[in-house]
file entry-v8.pdb (PDB, C-alpha atoms)
ATOM      1  CA  VAL A 124     104.414  67.067 125.289
ATOM      2  CA  ILE A 125     102.806  69.288 127.910
ATOM      3  CA  ASN A 126     101.718  67.998 131.295
ATOM      4  CA  LYS A 127      98.316  69.463 132.202
ATOM      5  CA  THR A 128      97.346  70.350 135.760
ATOM      6  CA  ASP A 129      95.052  67.319 135.938
ATOM      7  CA  GLY A 130      98.040  64.980 135.411
ATOM      8  CA  THR A 131      97.304  64.102 131.767
ATOM      9  CA  ASP A 132      99.656  64.881 128.893
ATOM     10  CA  ILE A 133      98.879  66.498 125.567
ATOM     11  CA  THR A 134     101.122  66.690 122.509
ATOM     12  CA  ILE A 135     101.359  69.963 120.613
ATOM     13  CA  PRO A 136     103.271  70.287 117.320
ATOM     14  CA  ILE A 137     106.368  72.471 117.765
ATOM     15  CA  GLU A 138     105.153  74.976 115.135
ATOM     16  CA  GLU A 139     102.086  75.666 117.300
ATOM     17  CA  ILE A 140     103.999  76.465 120.513
ATOM     18  CA  GLU A 141     104.760  80.065 119.463
ATOM     19  CA  ASN A 142     101.097  80.677 118.574
ATOM     20  CA  ILE A 143     100.013  79.466 121.995
ATOM     21  CA  THR A 144     102.653  81.596 123.722
ATOM     22  CA  PHE A 145     101.528  84.750 121.902
ATOM     23  CA  ALA A 146      97.845  84.015 122.369
ATOM     24  CA  THR A 147      98.264  83.760 126.137
ATOM     25  CA  ALA A 148     100.957  86.411 126.561
ATOM     26  CA  SER A 149     100.171  89.817 127.983
ATOM     27  CA  TRP A 150     100.475  92.403 125.215
ATOM     28  CA  ASN A 151     100.778  96.102 125.985
ATOM     29  CA  GLU A 152      98.775  98.411 123.725
ATOM     30  CA  THR A 153      98.437 102.058 122.844
ATOM     31  CA  THR A 154      96.176 103.670 120.248
ATOM     32  CA  VAL A 155      96.779 107.215 119.030
ATOM     33  CA  GLN A 156      94.707 108.837 116.268
ATOM     34  CA  GLY A 157      93.576 105.456 114.938
ATOM     35  CA  ILE A 158      97.004 103.776 114.919
ATOM     36  CA  THR A 159      97.411 100.896 117.342
ATOM     37  CA  PHE A 160     100.794  99.648 118.527
ATOM     38  CA  GLN A 161     100.957  96.444 120.552
ATOM     39  CA  TRP A 162     104.166  95.152 122.104
ATOM     40  CA  MET A 163     105.762  92.831 124.590
ATOM     41  CA  THR A 164     109.343  92.019 125.506
ATOM     42  CA  ASP A 165     111.362  89.176 126.877
ATOM     43  CA  ALA A 166     115.019  89.195 127.933
ATOM     44  CA  GLU A 167     116.276  89.575 124.339
ATOM     45  CA  TYR A 168     113.519  90.772 122.021
ATOM     46  CA  LEU A 169     110.717  93.225 121.433
ATOM     47  CA  TYR A 170     107.677  91.768 119.672
ATOM     48  CA  GLY A 171     105.583  94.418 117.947
ATOM     49  CA  MET A 172     102.423  94.844 115.923
ATOM     50  CA  VAL A 173     101.247  98.061 114.211
ATOM     51  CA  THR A 174      97.738  98.445 112.779
ATOM     52  CA  ALA A 175      96.343 101.505 111.011
ATOM     53  CA  PRO A 176      93.286 102.391 108.896
ATOM     54  CA  THR A 177      95.021 102.205 105.516
ATOM     55  CA  SER A 178      95.758  99.784 102.714
ATOM     56  CA  GLY A 179      99.247 101.295 102.425
ATOM     57  CA  TRP A 180     102.305 101.314 104.674
ATOM     58  CA  VAL A 181     102.386 101.493 108.480
ATOM     59  CA  SER A 182     105.303 102.258 110.795
ATOM     60  CA  VAL A 183     106.615 102.640 114.303
ATOM     61  CA  GLY A 184     109.806 104.469 115.237
ATOM     62  CA  PHE A 185     111.560 103.972 118.559
ATOM     63  CA  ASP A 186     113.343 106.660 120.564
ATOM     64  CA  PRO A 187     113.631 109.546 118.065
ATOM     65  CA  THR A 188     115.561 112.645 119.134
ATOM     66  CA  ASN A 189     113.825 115.179 116.843
ATOM     67  CA  GLN A 190     110.734 114.059 114.872
ATOM     68  CA  MET A 191     112.143 111.062 112.903
ATOM     69  CA  GLN A 192     115.827 111.768 113.527
ATOM     70  CA  ASN A 193     117.793 108.881 115.079
ATOM     71  CA  ALA A 194     114.690 106.685 115.425
ATOM     72  CA  ASN A 195     114.839 102.962 114.817
ATOM     73  CA  ILE A 196     111.947 102.777 112.350
ATOM     74  CA  ILE A 197     110.096  99.611 111.408
ATOM     75  CA  ILE A 198     108.022 100.239 108.278
ATOM     76  CA  GLY A 199     106.006  97.807 106.216
ATOM     77  CA  TYR A 200     103.155  97.108 103.873
ATOM     78  CA  VAL A 201     101.298  94.145 102.388
ATOM     79  CA  GLU A 202     100.956  93.855  98.617
ATOM     80  CA  SER A 203      97.638  92.917  97.009
ATOM     81  CA  ASN A 204      98.986  89.383  96.426
ATOM     82  CA  GLY A 205      99.637  89.019 100.175
ATOM     83  CA  THR A 206     103.421  89.525 100.061
ATOM     84  CA  VAL A 207     104.601  91.162 103.286
ATOM     85  CA  ASN A 208     107.359  93.774 103.034
ATOM     86  CA  ILE A 209     108.915  95.073 106.262
ATOM     87  CA  ARG A 210     112.120  97.093 106.492
ATOM     88  CA  ASP A 211     114.439  98.219 109.295
ATOM     89  CA  ASP A 212     115.087 101.963 108.789
ATOM     90  CA  PHE A 213     116.924 104.741 110.585
ATOM     91  CA  GLY A 214     115.765 108.351 110.898
ATOM     92  CA  THR A 215     118.519 110.228 109.046
ATOM     93  CA  SER A 216     117.045 113.704 109.725
ATOM     94  CA  PRO A 217     113.889 115.179 111.284
ATOM     95  CA  GLY A 218     111.982 114.511 108.049
ATOM     96  CA  SER A 219     113.597 111.502 106.358
ATOM     97  CA  HIS A 220     114.698 107.927 106.843
ATOM     98  CA  ALA A 221     116.687 105.267 104.999
ATOM     99  CA  SER A 222     117.106 101.520 105.310
ATOM    100  CA  ASP A 223     119.754 100.344 107.747
ATOM    101  CA  LEU A 224     121.202  98.268 104.889
ATOM    102  CA  SER A 225     121.662 101.319 102.634
ATOM    103  CA  LEU A 226     123.496 103.075 105.479
ATOM    104  CA  GLY A 227     125.884 100.166 106.061
ATOM    105  CA  GLY A 228     123.968  98.602 108.939
ATOM    106  CA  THR A 229     121.950  95.407 109.180
ATOM    107  CA  ASP A 230     118.262  94.579 108.844
ATOM    108  CA  ASN A 231     117.398  93.062 112.230
ATOM    109  CA  ILE A 232     113.730  92.242 111.649
ATOM    110  CA  MET A 233     112.784  88.681 112.473
ATOM    111  CA  GLU A 234     109.483  86.878 111.987
ATOM    112  CA  PRO A 235     107.899  89.518 109.707
ATOM    113  CA  ALA A 236     104.186  89.071 109.101
ATOM    114  CA  GLY A 237     101.271  91.209 108.011
ATOM    115  CA  GLU A 238      97.767  91.506 106.699
ATOM    116  CA  ASP A 239      95.900  94.031 104.555
ATOM    117  CA  THR A 240      92.114  93.767 104.933
ATOM    118  CA  GLY A 241      91.418  96.554 102.444
ATOM    119  CA  SER A 242      90.464  98.923 105.253
ATOM    120  CA  SER A 243      93.449  98.382 107.544
ATOM    121  CA  THR A 244      97.031  97.168 107.399
ATOM    122  CA  MET A 245      98.791  95.282 110.186
ATOM    123  CA  ILE A 246     102.456  94.343 110.362
ATOM    124  CA  SER A 247     104.121  92.326 113.088
ATOM    125  CA  PHE A 248     107.788  91.745 113.800
ATOM    126  CA  LYS A 249     110.438  90.745 116.309
ATOM    127  CA  ILE A 250     113.594  92.819 116.857
ATOM    128  CA  PRO A 251     116.513  92.469 119.265
ATOM    129  CA  LEU A 252     116.458  94.820 122.245
ATOM    130  CA  ASP A 253     120.165  95.427 121.526
ATOM    131  CA  SER A 254     121.132  94.510 117.972
ATOM    132  CA  ALA A 255     124.616  96.110 118.212
ATOM    133  CA  ASP A 256     123.753  97.883 114.931
ATOM    134  CA  GLN A 257     124.691 101.574 115.045
ATOM    135  CA  PHE A 258     121.401 102.356 113.265
ATOM    136  CA  ASP A 259     119.204 100.754 115.936
ATOM    137  CA  ARG A 260     118.374 102.134 119.361
ATOM    138  CA  VAL A 261     119.059  99.999 122.431
ATOM    139  CA  LEU A 262     115.772  99.277 124.197
ATOM    140  CA  VAL A 263     115.664  98.396 127.902
ATOM    141  CA  PRO A 264     112.584  96.804 129.497
ATOM    142  CA  GLY A 265     111.233  98.948 132.335
ATOM    143  CA  THR A 266     112.200 102.171 130.529
ATOM    144  CA  THR A 267     109.860 104.763 128.981
ATOM    145  CA  TYR A 268     110.542 105.655 125.332
ATOM    146  CA  PRO A 269     109.062 108.129 122.877
ATOM    147  CA  ILE A 270     107.724 106.479 119.735
ATOM    148  CA  ILE A 271     106.406 107.796 116.444
ATOM    149  CA  LEU A 272     103.554 106.100 114.608
ATOM    150  CA  GLY A 273     102.569 106.721 111.017
ATOM    151  CA  TYR A 274     100.849 105.431 107.929
ATOM    152  CA  GLY A 275     100.539 106.221 104.254
ATOM    153  CA  SER A 276      98.231 105.267 101.417
ATOM    154  CA  SER A 277     100.779 103.547  99.134
ATOM    155  CA  ASP A 278     102.495 100.172  99.166
ATOM    156  CA  ASN A 279     106.094 101.392  99.340
ATOM    157  CA  TYR A 280     108.650 102.719 101.815
ATOM    158  CA  THR A 281     108.983 106.238 100.443
ATOM    159  CA  SER A 282     105.586 107.886  99.917
ATOM    160  CA  PHE A 283     104.614 110.732 102.212
ATOM    161  CA  HIS A 284     102.561 109.889 105.282
ATOM    162  CA  THR A 285      98.815 110.355 105.578
ATOM    163  CA  LEU A 286      99.172 110.661 109.342
ATOM    164  CA  VAL A 287     102.076 110.746 111.769
ATOM    165  CA  THR A 288     101.799 111.053 115.527
ATOM    166  CA  SER A 289     103.821 110.359 118.639
ATOM    167  CA  THR A 290     103.398 109.035 122.159
ATOM    168  CA  GLU A 291     105.410 107.289 124.874
ATOM    169  CA  ILE A 292     105.475 103.634 125.851
ATOM    170  CA  ASP A 293     106.816 101.760 128.863
ATOM    171  CA  LEU A 294     108.696  98.646 127.808
TER     172      LEU A 294
END
call {"tool": "encode", "arguments": {"input": "entry-v8.pdb", "output": "structure tokens"}}
result
Amino acid sequence: VINKTDGTDITIPIEEIENITFATASWNETTVQGITFQWMTDAEYLYGMVTAPTSGWVSVGFDPTNQMQNANIIIGYVESNGTVNIRDDFGTSPGSHASDLSLGGTDNIMEPAGEDTGSSTMISFKIPLDSADQFDRVLVPGTTYPIILGYGSSDNYTSFHTLVTSTEIDL
């Protein structure tokens, strides 16, 4: 039950509360070479959304040290049947990455979602700001971080990118 400013009450199903929160929340956004990354944080989590002009995979990598190396990479795609696949990866070298799970870490992605319209793919996710996983970067609100953005034309985690770019964001 929510008390409105006019003194009346309205009842909202619990499953709708998150949708209302996100709809009214202030998202930050950056677009580089056709890839859009939107994000917001609270005291514990980063909420992210990546959209690119592809029907294949899309990704964002946080705080790399050299191209992909040491980045916390979130990569995902949506199959033709609507199944969303999102994975928590780590940049193992300047030009490669592997799943946190395969490296002995944990997959810290929560609330994975996505959509493939045929002309663009969007994935959304929630990750802890500090997962305590050695293959994730600690993210601190109020700090500027380099990020990498990329996309490919296939529905998998391993095909070469069509485009990769980088920028900085303020959390």
call {"tool": "closest_residue", "arguments": {"input": "entry-v8.pdb", "among": "A:Thr244, A:Ser282, A:Thr290, A:Ser254", "to": "Thr177 of chain A", "atoms": "all atoms listed in the file"}}
result
A:Thr244
call {"tool": "residues_around", "arguments": {"input": "entry-v8.pdb", "residues": "Gln192 of chain A", "least_positions_apart": "5", "cutoff": "6 Å", "atoms": "only C-alpha atoms", "output": "ChimeraX atom specification"}}
result
/A:187,214-217
call {"tool": "closest_residue", "arguments": {"input": "entry-v8.pdb", "among": "A:Thr206, A:Thr267, A:Asn279, A:Thr229", "to": "Asp186 of chain A", "atoms": "all atoms listed in the file"}}
result
A:Thr267
call {"tool": "resolve_selection", "arguments": {"input": "entry-v8.pdb", "expression": "the PyMOL selection byres ((chain A and resi 151) around 6)", "output": "mmCIF file with C-alpha atoms, keeping the file's coordinate frame"}}
result
data_model
loop_
_atom_site.group_PDB
_atom_site.id
_atom_site.type_symbol
_atom_site.label_atom_id
_atom_site.label_comp_id
_atom_site.auth_asym_id
_atom_site.auth_seq_id
_atom_site.Cartn_x
_atom_site.Cartn_y
_atom_site.Cartn_z
ATOM 1 C CA TRP A 150 100.475 92.403 125.215
ATOM 2 C CA GLU A 152 98.775 98.411 123.725
ATOM 3 C CA GLN A 161 100.957 96.444 120.552
ATOM 4 C CA TRP A 162 104.166 95.152 122.104
#
call {"tool": "closest_residue", "arguments": {"input": "entry-v8.pdb", "among": "A:Gln257, A:Ile250, A:Phe283, A:Tyr268", "to": "Ala166 of chain A", "atoms": "only C-alpha atoms"}}
result
A:Ile250
call {"tool": "resolve_selection", "arguments": {"input": "entry-v8.pdb", "expression": "the PyMOL selection byres ((chain A and resi 292) around 12)", "output": "ChimeraX atom specification"}}
result
/A:151-155,160-163,183-186,262-272,289-291,293-294
call {"tool": "closest_residue", "arguments": {"input": "entry-v8.pdb", "among": "A:Glu202, A:Asp212, A:Asp165, A:Asp239", "to": "Thr281 of chain A", "atoms": "only C-alpha atoms"}}
result
A:Asp212
call {"tool": "residues_around", "arguments": {"input": "entry-v8.pdb", "residues": "Gly241 of chain A", "least_positions_apart": "6", "cutoff": "12 Å", "atoms": "all atoms listed in the file", "output": "PDB file with C-alpha atoms, in the coordinates of the input"}}
result
ATOM      1  CA  ALA A 175      96.343 101.505 111.011  1.00  0.00           C
ATOM      2  CA  PRO A 176      93.286 102.391 108.896  1.00  0.00           C
ATOM      3  CA  THR A 177      95.021 102.205 105.516  1.00  0.00           C
ATOM      4  CA  SER A 178      95.758  99.784 102.714  1.00  0.00           C
ATOM      5  CA  GLY A 179      99.247 101.295 102.425  1.00  0.00           C
ATOM      6  CA  TYR A 200     103.155  97.108 103.873  1.00  0.00           C
ATOM      7  CA  VAL A 201     101.298  94.145 102.388  1.00  0.00           C
ATOM      8  CA  GLU A 202     100.956  93.855  98.617  1.00  0.00           C
ATOM      9  CA  SER A 203      97.638  92.917  97.009  1.00  0.00           C
ATOM     10  CA  GLY A 205      99.637  89.019 100.175  1.00  0.00           C
ATOM     11  CA  SER A 276      98.231 105.267 101.417  1.00  0.00           C
TER      12      SER A 276
END
call {"tool": "residues_near_point", "arguments": {"input": "entry-v8.pdb", "point": "(105.0, 99.3, 109.2)", "cutoff": "10 Å", "atoms": "all atoms listed in the file", "output": "compact mmCIF listing (two decimals) with C-alpha atoms, in the coordinates of the input"}}
result
# COMPACT_ATOMS: atom_id res chain seq x y z
CA MET A 172 102.42 94.84 115.92
CA VAL A 173 101.25 98.06 114.21
CA THR A 174 97.74 98.44 112.78
CA ALA A 175 96.34 101.50 111.01
CA GLY A 179 99.25 101.30 102.42
CA TRP A 180 102.30 101.31 104.67
CA VAL A 181 102.39 101.49 108.48
CA SER A 182 105.30 102.26 110.80
CA VAL A 183 106.62 102.64 114.30
CA GLY A 184 109.81 104.47 115.24
CA ILE A 196 111.95 102.78 112.35
CA ILE A 197 110.10 99.61 111.41
CA ILE A 198 108.02 100.24 108.28
CA GLY A 199 106.01 97.81 106.22
CA TYR A 200 103.16 97.11 103.87
CA VAL A 201 101.30 94.14 102.39
CA ASN A 208 107.36 93.77 103.03
CA ILE A 209 108.92 95.07 106.26
CA ARG A 210 112.12 97.09 106.49
CA ASP A 211 114.44 98.22 109.30
CA GLY A 237 101.27 91.21 108.01
CA THR A 244 97.03 97.17 107.40
CA MET A 245 98.79 95.28 110.19
CA ILE A 246 102.46 94.34 110.36
CA SER A 247 104.12 92.33 113.09
CA PHE A 248 107.79 91.74 113.80
CA LEU A 272 103.55 106.10 114.61
CA GLY A 273 102.57 106.72 111.02
CA TYR A 274 100.85 105.43 107.93
CA GLY A 275 100.54 106.22 104.25
CA TYR A 280 108.65 102.72 101.82
call {"tool": "atom_distance", "arguments": {"input": "entry-v8.pdb", "atom1": "atom CA of Ser243 of chain A", "atom2": "atom CA of Thr164 of chain A"}}
result
24.8 Å
call {"tool": "closest_residue", "arguments": {"input": "entry-v8.pdb", "among": "A:Glu167, A:Glu234, A:Ala194, A:Val207", "to": "Ser219 of chain A", "atoms": "all atoms listed in the file"}}
result
A:Ala194
call {"tool": "resolve_selection", "arguments": {"input": "entry-v8.pdb", "expression": "the PyMOL selection byres ((chain A and resi 251) around 9)", "output": "CSV table (one decimal) with C-alpha atoms, in the coordinates of the input"}}
result
chain,number,residue,atom,x,y,z
A,167,GLU,CA,116.3,89.6,124.3
A,168,TYR,CA,113.5,90.8,122.0
A,169,LEU,CA,110.7,93.2,121.4
A,170,TYR,CA,107.7,91.8,119.7
A,231,ASN,CA,117.4,93.1,112.2
A,232,ILE,CA,113.7,92.2,111.6
A,233,MET,CA,112.8,88.7,112.5
A,249,LYS,CA,110.4,90.7,116.3
A,250,ILE,CA,113.6,92.8,116.9
A,252,LEU,CA,116.5,94.8,122.2
A,253,ASP,CA,120.2,95.4,121.5
A,254,SER,CA,121.1,94.5,118.0
A,255,ALA,CA,124.6,96.1,118.2
A,261,VAL,CA,119.1,100.0,122.4
A,262,LEU,CA,115.8,99.3,124.2
call {"tool": "atom_distance", "arguments": {"input": "entry-v8.pdb", "atom1": "atom CA of Gly228 of chain A", "atom2": "atom CA of Thr285 of chain A"}}
result
28.0 Å
call {"tool": "atom_distance", "arguments": {"input": "entry-v8.pdb", "atom1": "atom CA of Thr188 of chain A", "atom2": "atom CA of Ser149 of chain A"}}
result
28.9 Å
call {"tool": "residues_around", "arguments": {"input": "entry-v8.pdb", "residues": "Phe258 of chain A", "least_positions_apart": "5", "cutoff": "7 Å", "atoms": "only C-alpha atoms", "output": "list of chain:residue names"}}
result
A:Asn195, A:Phe213, A:Asp223, A:Gly228
